Each structure stands twice: as structure tokens, then as C-alpha cells.
$ cat model-v6.txt   # compact mmCIF, C-alpha atoms
# COMPACT_ATOMS: atom_id res chain seq x y z
CA MET A 1137 -36.67 42.71 -38.87
CA LEU A 1138 -35.01 46.10 -39.00
CA LYS A 1139 -35.17 48.15 -35.80
CA THR A 1140 -35.40 51.92 -35.72
CA LEU A 1141 -35.52 54.41 -32.86
CA LEU A 1142 -37.60 57.54 -33.47
CA LEU A 1143 -37.12 60.78 -31.52
CA GLU A 1144 -40.30 62.81 -32.07
CA ASP A 1145 -42.38 64.80 -29.56
CA ASP A 1146 -45.38 65.26 -31.89
CA LEU A 1147 -47.67 62.48 -30.65
CA THR A 1148 -49.78 62.32 -33.81
CA LEU A 1149 -46.79 62.16 -36.17
CA SER A 1150 -44.90 59.68 -34.00
CA ARG A 1151 -47.92 57.34 -33.96
CA GLU A 1152 -48.28 57.63 -37.74
CA VAL A 1153 -44.60 56.91 -38.39
CA LYS A 1154 -44.51 54.01 -35.93
CA SER A 1155 -47.66 52.43 -37.34
CA PHE A 1156 -46.49 52.84 -40.94
CA LEU A 1157 -43.02 51.43 -40.34
CA ASN A 1158 -44.42 48.48 -38.40
CA SER A 1159 -46.77 47.75 -41.30
CA ARG A 1160 -43.70 47.53 -43.53
CA ASP A 1161 -41.90 45.09 -41.22
CA ILE A 1162 -39.67 47.78 -39.73
CA HIS A 1163 -39.83 47.80 -35.94
CA CYS A 1164 -40.04 51.32 -34.51
CA ASP A 1165 -39.57 52.41 -30.91
CA VAL A 1166 -40.53 55.99 -30.04
CA VAL A 1167 -39.13 58.39 -27.44
CA TYR A 1168 -40.27 61.96 -26.95
CA ASP A 1169 -37.20 63.76 -25.56
CA GLY A 1170 -33.45 63.67 -26.04
CA ASN A 1171 -32.61 62.49 -22.54
CA THR A 1172 -34.85 59.43 -22.82
CA PHE A 1173 -33.29 58.72 -26.22
CA ALA A 1174 -29.83 58.53 -24.63
CA ARG A 1175 -31.02 55.96 -22.10
CA GLN A 1176 -32.82 53.90 -24.74
CA LEU A 1177 -29.67 53.94 -26.87
CA ARG A 1178 -27.76 52.19 -24.09
CA ASN A 1179 -30.43 49.55 -23.48
CA GLU A 1180 -31.30 48.41 -27.02
CA GLU A 1181 -29.60 47.91 -30.37
CA TYR A 1182 -30.97 49.55 -33.53
CA ASP A 1183 -30.26 49.61 -37.25
CA ALA A 1184 -31.11 53.29 -37.79
CA PHE A 1185 -32.12 56.43 -35.91
CA LEU A 1186 -34.80 58.97 -36.90
CA LEU A 1187 -34.41 62.33 -35.15
CA ASP A 1188 -36.56 65.42 -34.94
CA ILE A 1189 -34.53 68.53 -34.11
CA ASN A 1190 -36.87 70.59 -31.95
CA VAL A 1191 -37.58 68.25 -29.01
CA PRO A 1192 -37.47 68.65 -25.20
CA GLY A 1193 -34.23 67.95 -23.34
CA SER A 1194 -31.26 67.49 -25.65
CA ASN A 1195 -32.36 68.52 -29.14
CA GLY A 1196 -31.94 66.34 -32.21
CA LEU A 1197 -28.63 67.89 -33.24
CA GLU A 1198 -27.16 67.32 -29.77
CA VAL A 1199 -28.48 63.77 -29.78
CA CYS A 1200 -26.91 63.14 -33.19
CA LYS A 1201 -23.55 64.43 -31.94
CA HIS A 1202 -23.88 62.17 -28.87
CA ILE A 1203 -24.55 59.16 -31.09
CA ARG A 1204 -21.35 59.78 -33.05
CA GLU A 1205 -19.28 60.61 -29.96
CA GLU A 1206 -20.33 57.29 -28.43
CA GLY A 1207 -18.97 55.50 -31.49
CA TYR A 1208 -22.24 54.50 -33.18
CA GLN A 1209 -22.05 54.55 -36.97
CA ASN A 1210 -25.69 53.59 -37.55
CA PRO A 1211 -27.48 55.75 -40.13
CA VAL A 1212 -29.19 58.87 -38.79
CA ILE A 1213 -32.04 60.57 -40.66
CA MET A 1214 -33.19 63.98 -39.46
CA LEU A 1215 -36.96 64.57 -39.64
CA THR A 1216 -37.59 68.27 -39.19
CA ALA A 1217 -39.67 71.26 -40.18
CA TYR A 1218 -36.48 73.22 -40.75
CA GLY A 1219 -35.45 73.06 -44.41
CA ASP A 1220 -33.01 75.94 -44.92
CA ILE A 1221 -29.56 75.15 -46.24
CA GLU A 1222 -28.01 76.26 -42.94
CA ASP A 1223 -30.21 73.80 -41.06
CA LYS A 1224 -29.08 71.03 -43.37
CA LYS A 1225 -25.45 72.03 -42.87
CA ASP A 1226 -25.93 71.84 -39.10
CA ALA A 1227 -27.50 68.40 -39.38
CA TYR A 1228 -24.74 66.97 -41.57
CA SER A 1229 -22.07 68.58 -39.40
CA ALA A 1230 -23.60 66.82 -36.40
CA GLY A 1231 -23.20 63.49 -38.18
CA ALA A 1232 -26.54 62.95 -39.91
CA ASP A 1233 -26.66 60.79 -43.03
CA ASP A 1234 -29.87 62.17 -44.52
CA PHE A 1235 -32.39 64.98 -44.04
CA LEU A 1236 -36.16 64.81 -44.59
CA VAL A 1237 -38.26 67.98 -44.32
CA LYS A 1238 -41.76 67.89 -42.81
CA PRO A 1239 -44.36 67.32 -44.06
CA PHE A 1240 -43.07 64.27 -45.88
CA HIS A 1241 -44.59 61.20 -47.50
CA LEU A 1242 -44.19 58.10 -45.37
CA GLU A 1243 -43.28 56.14 -48.50
CA GLU A 1244 -40.32 58.49 -48.97
CA LEU A 1245 -39.19 57.79 -45.41
CA ILE A 1246 -39.05 54.09 -46.28
CA LEU A 1247 -36.96 54.89 -49.36
CA ARG A 1248 -34.56 57.01 -47.30
CA ILE A 1249 -34.18 54.30 -44.63
CA ASN A 1250 -33.48 51.63 -47.23
CA SER A 1251 -31.02 53.92 -49.01
CA VAL A 1252 -28.88 54.71 -45.97
CA LEU A 1253 -28.89 51.09 -44.85
CA LYS A 1254 -27.68 49.91 -48.26
CA ARG A 1255 -24.48 51.87 -47.73
CA GLY A 1256 -23.36 49.04 -45.47
CA VAL A 1257 -22.38 51.16 -42.48
CA PRO A 1258 -21.44 48.95 -39.52
CA GLU A 1259 -23.69 49.06 -36.45
CA LYS A 1260 -21.02 50.35 -34.18
CA VAL A 1261 -17.30 50.91 -34.49
CA GLN A 1262 -15.35 51.53 -31.34
CA THR A 1263 -11.66 50.92 -30.85
CA GLU A 1264 -11.22 52.92 -27.68
CA VAL A 1265 -9.94 51.16 -24.56
CA LEU A 1266 -10.73 52.78 -21.23
CA LYS A 1267 -8.22 52.26 -18.41
CA VAL A 1268 -8.29 52.83 -14.67
CA ALA A 1269 -5.17 51.51 -12.96
CA ASP A 1270 -4.88 47.90 -14.22
CA LEU A 1271 -8.56 47.72 -15.22
CA GLU A 1272 -9.21 47.82 -18.98
CA ILE A 1273 -12.50 48.07 -20.88
CA ASP A 1274 -12.43 47.50 -24.64
CA LEU A 1275 -15.43 49.38 -26.03
CA GLY A 1276 -15.27 47.55 -29.35
CA THR A 1277 -15.24 43.96 -28.12
CA LYS A 1278 -16.95 44.68 -24.76
CA LYS A 1279 -14.13 42.78 -23.05
CA VAL A 1280 -13.13 43.68 -19.50
CA SER A 1281 -9.89 42.68 -17.85
CA ARG A 1282 -7.90 43.50 -14.73
CA ALA A 1283 -4.22 42.77 -14.40
CA GLN A 1284 -4.57 41.17 -17.87
CA LYS A 1285 -7.11 38.65 -16.55
CA THR A 1286 -10.44 38.55 -18.40
CA ILE A 1287 -13.54 39.30 -16.35
CA GLU A 1288 -16.92 38.01 -17.50
CA LEU A 1289 -19.74 40.50 -16.92
CA THR A 1290 -23.45 40.46 -17.67
CA LYS A 1291 -24.85 43.24 -19.88
CA LYS A 1292 -26.10 45.25 -16.88
CA GLU A 1293 -22.85 44.75 -14.98
CA PHE A 1294 -20.94 46.02 -18.02
CA GLN A 1295 -23.23 49.05 -18.35
CA LEU A 1296 -22.85 49.86 -14.66
CA LEU A 1297 -19.07 49.51 -14.77
CA LEU A 1298 -18.84 51.68 -17.88
CA PHE A 1299 -21.05 54.33 -16.27
CA LEU A 1300 -18.84 54.45 -13.18
CA VAL A 1301 -15.65 54.63 -15.26
CA LYS A 1302 -17.02 57.44 -17.44
CA ALA A 1303 -17.87 59.42 -14.31
CA ASN A 1304 -14.08 59.92 -13.99
CA GLY A 1305 -13.94 59.42 -10.23
CA ARG A 1306 -17.01 61.53 -9.46
CA VAL A 1307 -19.53 60.21 -6.94
CA VAL A 1308 -22.81 59.11 -8.57
CA SER A 1309 -25.95 58.52 -6.53
CA LYS A 1310 -28.08 55.38 -6.58
CA GLN A 1311 -30.93 57.44 -8.05
CA THR A 1312 -28.76 58.63 -10.93
CA ILE A 1313 -27.58 55.09 -11.64
CA ALA A 1314 -31.16 53.81 -11.52
CA GLU A 1315 -32.35 56.44 -13.99
CA GLN A 1316 -29.41 56.09 -16.39
CA ILE A 1317 -28.96 52.31 -16.40
CA TRP A 1318 -32.35 50.91 -15.40
CA ASP A 1319 -34.56 53.91 -16.32
CA ILE A 1320 -36.42 53.64 -12.99
CA HIS A 1321 -37.36 56.38 -10.56
CA PHE A 1322 -38.68 54.58 -7.51
CA GLU A 1323 -36.86 54.53 -4.18
CA THR A 1324 -38.05 50.95 -3.54
CA SER A 1325 -36.01 49.77 -6.54
CA LEU A 1326 -32.72 51.22 -5.38
CA ASN A 1327 -31.69 48.05 -3.55
CA THR A 1328 -31.12 46.65 -7.05
CA ILE A 1329 -28.22 49.08 -7.39
CA GLU A 1330 -26.62 47.83 -4.18
CA VAL A 1331 -26.90 44.25 -5.39
CA TYR A 1332 -25.23 45.00 -8.73
CA VAL A 1333 -22.48 47.10 -7.15
CA ASN A 1334 -21.71 44.12 -4.90
CA PHE A 1335 -21.66 41.85 -7.96
CA LEU A 1336 -19.14 44.19 -9.58
CA ARG A 1337 -16.98 44.41 -6.47
CA ARG A 1338 -16.67 40.65 -6.33
CA LYS A 1339 -15.64 40.48 -9.99
CA ILE A 1340 -13.50 43.63 -10.24
CA ASP A 1341 -11.88 44.03 -6.81
CA LYS A 1342 -11.81 40.59 -5.19
CA GLY A 1343 -8.26 39.25 -5.00
CA HIS A 1344 -6.64 42.63 -5.70
CA ALA A 1345 -4.73 44.66 -3.14
CA VAL A 1346 -6.20 47.96 -4.37
CA ALA A 1347 -9.98 48.36 -4.56
CA LEU A 1348 -11.37 50.48 -7.41
CA ILE A 1349 -15.08 50.61 -6.56
CA HIS A 1350 -15.85 52.73 -3.51
CA THR A 1351 -18.87 53.89 -1.50
CA LYS A 1352 -19.32 57.41 -0.15
CA PRO A 1353 -21.90 56.81 2.60
CA GLY A 1354 -25.04 58.84 2.09
CA PHE A 1355 -23.98 59.97 -1.40
CA GLY A 1356 -23.34 57.03 -3.72
CA TYR A 1357 -20.51 55.26 -5.51
CA TYR A 1358 -17.35 56.13 -7.40
CA LEU A 1359 -14.63 54.25 -9.25
CA ARG A 1360 -11.01 55.31 -9.08
CA GLU A 1361 -7.63 54.21 -7.83
CA ASP A 1362 -7.34 55.58 -4.29
CA LYS A 1363 -3.69 55.32 -3.29
$ encode --input "model-v6.txt" --output "C-alpha cells"
Amino acid sequence: MLKTLLLEDDLTLSREVKSFLNSRDIHCDVVYDGNTFARQLRNEEYDAFLLDINVPGSNGLEVCKHIREEGYQNPVIMLTAYGDIEDKKDAYSAGADDFLVKPFHLEELILRINSVLKRGVPEKVQTEVLKVADLEIDLGTKKVSRAQKTIELTKKEFQLLLFLVKANGRVVSKQTIAEQIWDIHFETSLNTIEVYVNFLRRKIDKGHAVALIHTKPGFGYYLREDK
């Protein structure tokens, strides 16, 4: 079954689209703001994205740019009330594959989804390799190694490591990690972060003279080569 992720803050329209797509054997998850979309993007895999432009948090154009910057090549269809040529230019410049102006027929949405998927665009293409000291993360293959030795990580461990690396040495709090990686907001759940950081330390730092994962007491965690 195809999986789509819809960004739409109109509750009535989002329910209609979700129900219609599900009835046509296309799974549809719905988020109502751009920030939640970014978290959902990290946690699930989708075949296509449907984006409204005028939404809370990061708007649809910013979300589309983020999708492309992260290396996702999945089709993006903009669903918006804005139909001027300049609006379409902005959408295509942001990386959108198609543009559907509201109000639209749900049958046409199906046709657009099928059309962009037939182009055979790969789910995700990433060739970038992130490096910190002798630690390497291949974003394409999801392989992690240190001193040229492969390290096996679970999906959550990989997401946590990648989040710390992308922070570029900045300290990130447990709360921020919980919200970005686990999408939770409760203090009682923060011990989960400690557990996973310890898992990472054992896999990334154990047996190496220089530790990369550090704790700043009272503030959070950071990853960098402290010489």
C-alpha cells in the first residue's frame, strides 16, 4: 500500500482527503503544522508528500525545501488556495513536483499522485558522509563506522547519533532530544534519553582513547572531538 504524509491544518479538508485516500488503498497520515511534519518525516517512510502552504510553524514551502535539503526525492504535491503563477514558481523552486489549487476534486488528487509516482523517482538519494574525527556516518547506506570499524546501531540509536552530529558540537537538552526524536514532552520519559545516550557511548566511544559523546551537567549532551 502506498503511504502519503499530508500537511494540512484545515481539519475538515484533512479528514476528507485522508478518508478518500484510504478508501483507494492509499495510506494517509496527517499532521497540522510544519514542525510536526519534520518530526514525522524522521520517524516514518512515505512514498509521497502532500503539502498545504499556509500552515502553522514552518510553512509548506519551507517544509518542501527541508525535504529536498535532507536528501528526500519523494514526490511532493502542493495543495493550496494560492493559484497565481508566482505562487506556482515559488512552489516549484522549493522542489515541488506538482501543484493542485483548492478547491480540487479528490479524484484529481489521485490522478496527480499516480502521475508523479510513475516517474520512478527513488525514495531517497543521499551520498553525503558526515565525519567527526574518525567517526563516519553514510547517509545513503545508513552505515556508521569509527576508525574504519563498522558499528551496528538500532534505528533510534542512529537517529540520536545523527541528531547530535548535526548539532555541530552544540549542547542539546534532553527535552529537545525527546521532542525531536521521540516526539514526547513529558519529564517522566526523559530517562529514556539517558539510556539511549549510554547505549551510544558504549558503541561509539568504548575502546577509543578520545570520547566523542559528552555531557554538560544540567544542560544536556553534545558530540565533538574535545582535544
$ closest_atom_pairs --input "model-v6.txt" --of "region 1166-1259 of chain A" --to "region 1142-1149 of chain A" --cutoff "10 Å" --atoms "only C-alpha atoms" --output "JSON lines"
{"residue": "A:Val1166", "atom": "CA", "partner": "A:Leu1142", "partner_atom": "CA", "distance": 4.8}
{"residue": "A:Val1167", "atom": "CA", "partner": "A:Leu1143", "partner_atom": "CA", "distance": 5.1}
{"residue": "A:Tyr1168", "atom": "CA", "partner": "A:Asp1145", "partner_atom": "CA", "distance": 4.4}
{"residue": "A:Asp1169", "atom": "CA", "partner": "A:Asp1145", "partner_atom": "CA", "distance": 6.6}
{"residue": "A:Gly1170", "atom": "CA", "partner": "A:Leu1143", "partner_atom": "CA", "distance": 7.2}
{"residue": "A:Thr1172", "atom": "CA", "partner": "A:Leu1143", "partner_atom": "CA", "distance": 9.1}
{"residue": "A:Phe1173", "atom": "CA", "partner": "A:Leu1143", "partner_atom": "CA", "distance": 6.9}
{"residue": "A:Ala1184", "atom": "CA", "partner": "A:Leu1142", "partner_atom": "CA", "distance": 8.9}
{"residue": "A:Phe1185", "atom": "CA", "partner": "A:Leu1142", "partner_atom": "CA", "distance": 6.1}
{"residue": "A:Leu1186", "atom": "CA", "partner": "A:Leu1142", "partner_atom": "CA", "distance": 4.7}
{"residue": "A:Leu1187", "atom": "CA", "partner": "A:Leu1143", "partner_atom": "CA", "distance": 4.8}
{"residue": "A:Asp1188", "atom": "CA", "partner": "A:Glu1144", "partner_atom": "CA", "distance": 5.4}
{"residue": "A:Ile1189", "atom": "CA", "partner": "A:Glu1144", "partner_atom": "CA", "distance": 8.4}
{"residue": "A:Asn1190", "atom": "CA", "partner": "A:Asp1145", "partner_atom": "CA", "distance": 8.3}
{"residue": "A:Val1191", "atom": "CA", "partner": "A:Asp1145", "partner_atom": "CA", "distance": 5.9}
{"residue": "A:Pro1192", "atom": "CA", "partner": "A:Asp1145", "partner_atom": "CA", "distance": 7.6}
{"residue": "A:Asn1195", "atom": "CA", "partner": "A:Leu1143", "partner_atom": "CA", "distance": 9.4}
{"residue": "A:Gly1196", "atom": "CA", "partner": "A:Leu1143", "partner_atom": "CA", "distance": 7.6}
{"residue": "A:Val1199", "atom": "CA", "partner": "A:Leu1143", "partner_atom": "CA", "distance": 9.3}
{"residue": "A:Ile1213", "atom": "CA", "partner": "A:Leu1142", "partner_atom": "CA", "distance": 9.6}
{"residue": "A:Met1214", "atom": "CA", "partner": "A:Leu1143", "partner_atom": "CA", "distance": 9.4}
{"residue": "A:Leu1215", "atom": "CA", "partner": "A:Glu1144", "partner_atom": "CA", "distance": 8.5}
{"residue": "A:Thr1216", "atom": "CA", "partner": "A:Glu1144", "partner_atom": "CA", "distance": 9.4}
{"residue": "A:Pro1239", "atom": "CA", "partner": "A:Leu1149", "partner_atom": "CA", "distance": 9.7}
$ write_last_selection --input "model-v6.txt" --atoms "C-alpha atoms" --output "PDB file, keeping the file's coordinate frame"
ATOM      1  CA  VAL A1166     -40.530  55.990 -30.040  1.00  0.00           C
ATOM      2  CA  VAL A1167     -39.130  58.390 -27.440  1.00  0.00           C
ATOM      3  CA  TYR A1168     -40.270  61.960 -26.950  1.00  0.00           C
ATOM      4  CA  ASP A1169     -37.200  63.760 -25.560  1.00  0.00           C
ATOM      5  CA  GLY A1170     -33.450  63.670 -26.040  1.00  0.00           C
ATOM      6  CA  THR A1172     -34.850  59.430 -22.820  1.00  0.00           C
ATOM      7  CA  PHE A1173     -33.290  58.720 -26.220  1.00  0.00           C
ATOM      8  CA  ALA A1184     -31.110  53.290 -37.790  1.00  0.00           C
ATOM      9  CA  PHE A1185     -32.120  56.430 -35.910  1.00  0.00           C
ATOM     10  CA  LEU A1186     -34.800  58.970 -36.900  1.00  0.00           C
ATOM     11  CA  LEU A1187     -34.410  62.330 -35.150  1.00  0.00           C
ATOM     12  CA  ASP A1188     -36.560  65.420 -34.940  1.00  0.00           C
ATOM     13  CA  ILE A1189     -34.530  68.530 -34.110  1.00  0.00           C
ATOM     14  CA  ASN A1190     -36.870  70.590 -31.950  1.00  0.00           C
ATOM     15  CA  VAL A1191     -37.580  68.250 -29.010  1.00  0.00           C
ATOM     16  CA  PRO A1192     -37.470  68.650 -25.200  1.00  0.00           C
ATOM     17  CA  ASN A1195     -32.360  68.520 -29.140  1.00  0.00           C
ATOM     18  CA  GLY A1196     -31.940  66.340 -32.210  1.00  0.00           C
ATOM     19  CA  VAL A1199     -28.480  63.770 -29.780  1.00  0.00           C
ATOM     20  CA  ILE A1213     -32.040  60.570 -40.660  1.00  0.00           C
ATOM     21  CA  MET A1214     -33.190  63.980 -39.460  1.00  0.00           C
ATOM     22  CA  LEU A1215     -36.960  64.570 -39.640  1.00  0.00           C
ATOM     23  CA  THR A1216     -37.590  68.270 -39.190  1.00  0.00           C
ATOM     24  CA  PRO A1239     -44.360  67.320 -44.060  1.00  0.00           C
TER      25      PRO A1239
END
$ closest_residue --input "model-v6.txt" --among "A:Leu1253, A:Val1346, A:Leu1298, A:Val1333" --to "Leu1275 (chain A)" --atoms "all atoms listed in the file"
A:Leu1298
$ atom_distance --input "model-v6.txt" --atom1 "CA of Leu1138 (chain A)" --atom2 "CA of Ile1162 (chain A)"
5.0 Å
$ residues_around --input "model-v6.txt" --residues "Leu1177 (chain A)" --least-positions-apart "5" --cutoff "9 Å" --atoms "only C-alpha atoms" --output "ChimeraX atom specification"
/A:1141,1172,1182,1203
$ atom_distance --input "model-v6.txt" --atom1 "CA of Ala1314 (chain A)" --atom2 "CA of Asn1327 (chain A)"
9.8 Å
$ closest_residue --input "model-v6.txt" --among "A:Lys1254, A:Leu1242, A:Glu1293, A:Ile1340" --to "Phe1156 (chain A)" --atoms "only C-alpha atoms"
A:Leu1242
$ atom_distance --input "model-v6.txt" --atom1 "CA of Asn1210 (chain A)" --atom2 "CA of Asn1158 (chain A)"
19.4 Å
$ closest_residue --input "model-v6.txt" --among "A:Arg1175, A:Asp1234, A:Lys1278, A:Ala1269" --to "Gln1316 (chain A)" --atoms "only C-alpha atoms"
A:Arg1175
$ residues_around --input "model-v6.txt" --residues "Ala1227 (chain A)" --least-positions-apart "3" --cutoff "9 Å" --atoms "all atoms listed in the file" --output "list of chain:residue names"
A:Ile1189, A:Gly1196, A:Leu1197, A:Cys1200, A:Met1214, A:Glu1222, A:Asp1223, A:Lys1224, A:Ala1230, A:Gly1231, A:Ala1232, A:Asp1233, A:Asp1234, A:Phe1235
$ closest_residue --input "model-v6.txt" --among "A:Ile1221, A:Lys1352, A:Arg1360, A:Phe1335" --to "Lys1267 (chain A)" --atoms "only C-alpha atoms"
A:Arg1360
$ closest_residue --input "model-v6.txt" --among "A:Tyr1357, A:Ile1249, A:Glu1198, A:Cys1164" --to "Val1308 (chain A)" --atoms "all atoms listed in the file"
A:Tyr1357
$ closest_residue --input "model-v6.txt" --among "A:Leu1326, A:Ala1174, A:Ile1287, A:Leu1247" --to "Asp1274 (chain A)" --atoms "all atoms listed in the file"
A:Ile1287
$ residues_around --input "model-v6.txt" --residues "Leu1348 (chain A)" --least-positions-apart "4" --cutoff "12 Å" --atoms "all atoms listed in the file" --output "PDB file with C-alpha atoms, in the frame of the given file"
ATOM      1  CA  LYS A1267      -8.220  52.260 -18.410  1.00  0.00           C
ATOM      2  CA  VAL A1268      -8.290  52.830 -14.670  1.00  0.00           C
ATOM      3  CA  ALA A1269      -5.170  51.510 -12.960  1.00  0.00           C
ATOM      4  CA  ASP A1270      -4.880  47.900 -14.220  1.00  0.00           C
ATOM      5  CA  LEU A1271      -8.560  47.720 -15.220  1.00  0.00           C
ATOM      6  CA  ARG A1282      -7.900  43.500 -14.730  1.00  0.00           C
ATOM      7  CA  LEU A1297     -19.070  49.510 -14.770  1.00  0.00           C
ATOM      8  CA  LEU A1300     -18.840  54.450 -13.180  1.00  0.00           C
ATOM      9  CA  VAL A1301     -15.650  54.630 -15.260  1.00  0.00           C
ATOM     10  CA  ASN A1304     -14.080  59.920 -13.990  1.00  0.00           C
ATOM     11  CA  GLY A1305     -13.940  59.420 -10.230  1.00  0.00           C
ATOM     12  CA  VAL A1333     -22.480  47.100  -7.150  1.00  0.00           C
ATOM     13  CA  LEU A1336     -19.140  44.190  -9.580  1.00  0.00           C
ATOM     14  CA  ARG A1337     -16.980  44.410  -6.470  1.00  0.00           C
ATOM     15  CA  ARG A1338     -16.670  40.650  -6.330  1.00  0.00           C
ATOM     16  CA  LYS A1339     -15.640  40.480  -9.990  1.00  0.00           C
ATOM     17  CA  ILE A1340     -13.500  43.630 -10.240  1.00  0.00           C
ATOM     18  CA  ASP A1341     -11.880  44.030  -6.810  1.00  0.00           C
ATOM     19  CA  LYS A1342     -11.810  40.590  -5.190  1.00  0.00           C
ATOM     20  CA  GLY A1343      -8.260  39.250  -5.000  1.00  0.00           C
ATOM     21  CA  HIS A1344      -6.640  42.630  -5.700  1.00  0.00           C
ATOM     22  CA  TYR A1357     -20.510  55.260  -5.510  1.00  0.00           C
ATOM     23  CA  TYR A1358     -17.350  56.130  -7.400  1.00  0.00           C
ATOM     24  CA  LEU A1359     -14.630  54.250  -9.250  1.00  0.00           C
ATOM     25  CA  ARG A1360     -11.010  55.310  -9.080  1.00  0.00           C
ATOM     26  CA  GLU A1361      -7.630  54.210  -7.830  1.00  0.00           C
ATOM     27  CA  ASP A1362      -7.340  55.580  -4.290  1.00  0.00           C
ATOM     28  CA  LYS A1363      -3.690  55.320  -3.290  1.00  0.00           C
TER      29      LYS A1363
END
$ axis_aligned_box --input "model-v6.txt" --around "region 1328-1342 of chain A" --padding-each-side "3 Å" --output "lines of an AutoDock Vina configuration file"
center_x = -21.5
center_y = 44.8
center_z = -7.2
size_x = 25.3
size_y = 14.6
size_z = 12.1
$ decode --input "model-v6.txt" --residues "region 1304-1311 of chain A" --atoms "all heavy atoms" --output "PDB file, in the first residue's frame"
ATOM      1  N   ASN A1304      26.397  20.001  15.443  1.00  0.00           N
ATOM      2  CA  ASN A1304      27.716  20.636  15.229  1.00  0.00           C
ATOM      3  C   ASN A1304      28.384  21.084  16.519  1.00  0.00           C
ATOM      4  O   ASN A1304      28.928  22.190  16.621  1.00  0.00           O
ATOM      5  CB  ASN A1304      27.573  21.839  14.285  1.00  0.00           C
ATOM      6  CG  ASN A1304      27.188  21.444  12.879  1.00  0.00           C
ATOM      7  OD1 ASN A1304      27.691  20.463  12.341  1.00  0.00           O
ATOM      8  ND2 ASN A1304      26.270  22.187  12.291  1.00  0.00           N
ATOM      9  N   GLY A1305      28.352  20.209  17.527  1.00  0.00           N
ATOM     10  CA  GLY A1305      29.046  20.486  18.772  1.00  0.00           C
ATOM     11  C   GLY A1305      28.242  21.281  19.782  1.00  0.00           C
ATOM     12  O   GLY A1305      28.696  21.489  20.908  1.00  0.00           O
ATOM     13  N   ARG A1306      27.047  21.741  19.393  1.00  0.00           N
ATOM     14  CA  ARG A1306      26.212  22.481  20.332  1.00  0.00           C
ATOM     15  C   ARG A1306      25.586  21.533  21.352  1.00  0.00           C
ATOM     16  O   ARG A1306      25.303  20.368  21.040  1.00  0.00           O
ATOM     17  CB  ARG A1306      25.097  23.235  19.605  1.00  0.00           C
ATOM     18  CG  ARG A1306      25.585  24.295  18.637  1.00  0.00           C
ATOM     19  CD  ARG A1306      24.420  25.120  18.110  1.00  0.00           C
ATOM     20  NE  ARG A1306      23.423  24.288  17.462  1.00  0.00           N
ATOM     21  CZ  ARG A1306      23.464  23.933  16.197  1.00  0.00           C
ATOM     22  NH1 ARG A1306      24.476  24.309  15.425  1.00  0.00           N
ATOM     23  NH2 ARG A1306      22.497  23.195  15.675  1.00  0.00           N
ATOM     24  N   VAL A1307      25.352  22.043  22.555  1.00  0.00           N
ATOM     25  CA  VAL A1307      24.706  21.255  23.596  1.00  0.00           C
ATOM     26  C   VAL A1307      23.206  21.205  23.324  1.00  0.00           C
ATOM     27  O   VAL A1307      22.573  22.231  23.071  1.00  0.00           O
ATOM     28  CB  VAL A1307      24.963  21.857  24.991  1.00  0.00           C
ATOM     29  CG1 VAL A1307      24.210  21.085  26.065  1.00  0.00           C
ATOM     30  CG2 VAL A1307      26.450  21.872  25.291  1.00  0.00           C
ATOM     31  N   VAL A1308      22.635  19.993  23.349  1.00  0.00           N
ATOM     32  CA  VAL A1308      21.189  19.832  23.167  1.00  0.00           C
ATOM     33  C   VAL A1308      20.617  19.198  24.429  1.00  0.00           C
ATOM     34  O   VAL A1308      21.181  18.260  24.988  1.00  0.00           O
ATOM     35  CB  VAL A1308      20.859  18.975  21.929  1.00  0.00           C
ATOM     36  CG1 VAL A1308      21.180  19.732  20.661  1.00  0.00           C
ATOM     37  CG2 VAL A1308      21.607  17.653  21.947  1.00  0.00           C
ATOM     38  N   SER A1309      19.499  19.723  24.882  1.00  0.00           N
ATOM     39  CA  SER A1309      18.896  19.257  26.127  1.00  0.00           C
ATOM     40  C   SER A1309      18.159  17.938  25.923  1.00  0.00           C
ATOM     41  O   SER A1309      17.809  17.564  24.800  1.00  0.00           O
ATOM     42  CB  SER A1309      17.913  20.299  26.663  1.00  0.00           C
ATOM     43  OG  SER A1309      16.779  20.400  25.806  1.00  0.00           O
ATOM     44  N   LYS A1310      17.902  17.247  27.043  1.00  0.00           N
ATOM     45  CA  LYS A1310      17.119  16.013  26.975  1.00  0.00           C
ATOM     46  C   LYS A1310      15.729  16.295  26.401  1.00  0.00           C
ATOM     47  O   LYS A1310      15.188  15.494  25.636  1.00  0.00           O
ATOM     48  CB  LYS A1310      16.987  15.397  28.366  1.00  0.00           C
ATOM     49  CG  LYS A1310      18.279  14.868  28.957  1.00  0.00           C
ATOM     50  CD  LYS A1310      18.017  14.296  30.336  1.00  0.00           C
ATOM     51  CE  LYS A1310      19.306  13.851  31.010  1.00  0.00           C
ATOM     52  NZ  LYS A1310      19.062  13.341  32.377  1.00  0.00           N
ATOM     53  N   GLN A1311      15.136  17.424  26.813  1.00  0.00           N
ATOM     54  CA  GLN A1311      13.796  17.764  26.337  1.00  0.00           C
ATOM     55  C   GLN A1311      13.768  17.937  24.826  1.00  0.00           C
ATOM     56  O   GLN A1311      12.874  17.452  24.135  1.00  0.00           O
ATOM     57  CB  GLN A1311      13.307  19.043  27.013  1.00  0.00           C
ATOM     58  CG  GLN A1311      11.852  19.394  26.712  1.00  0.00           C
ATOM     59  CD  GLN A1311      10.879  18.395  27.310  1.00  0.00           C
ATOM     60  OE1 GLN A1311      11.089  17.918  28.420  1.00  0.00           O
ATOM     61  NE2 GLN A1311       9.837  18.075  26.571  1.00  0.00           N
TER      62      GLN A1311
END
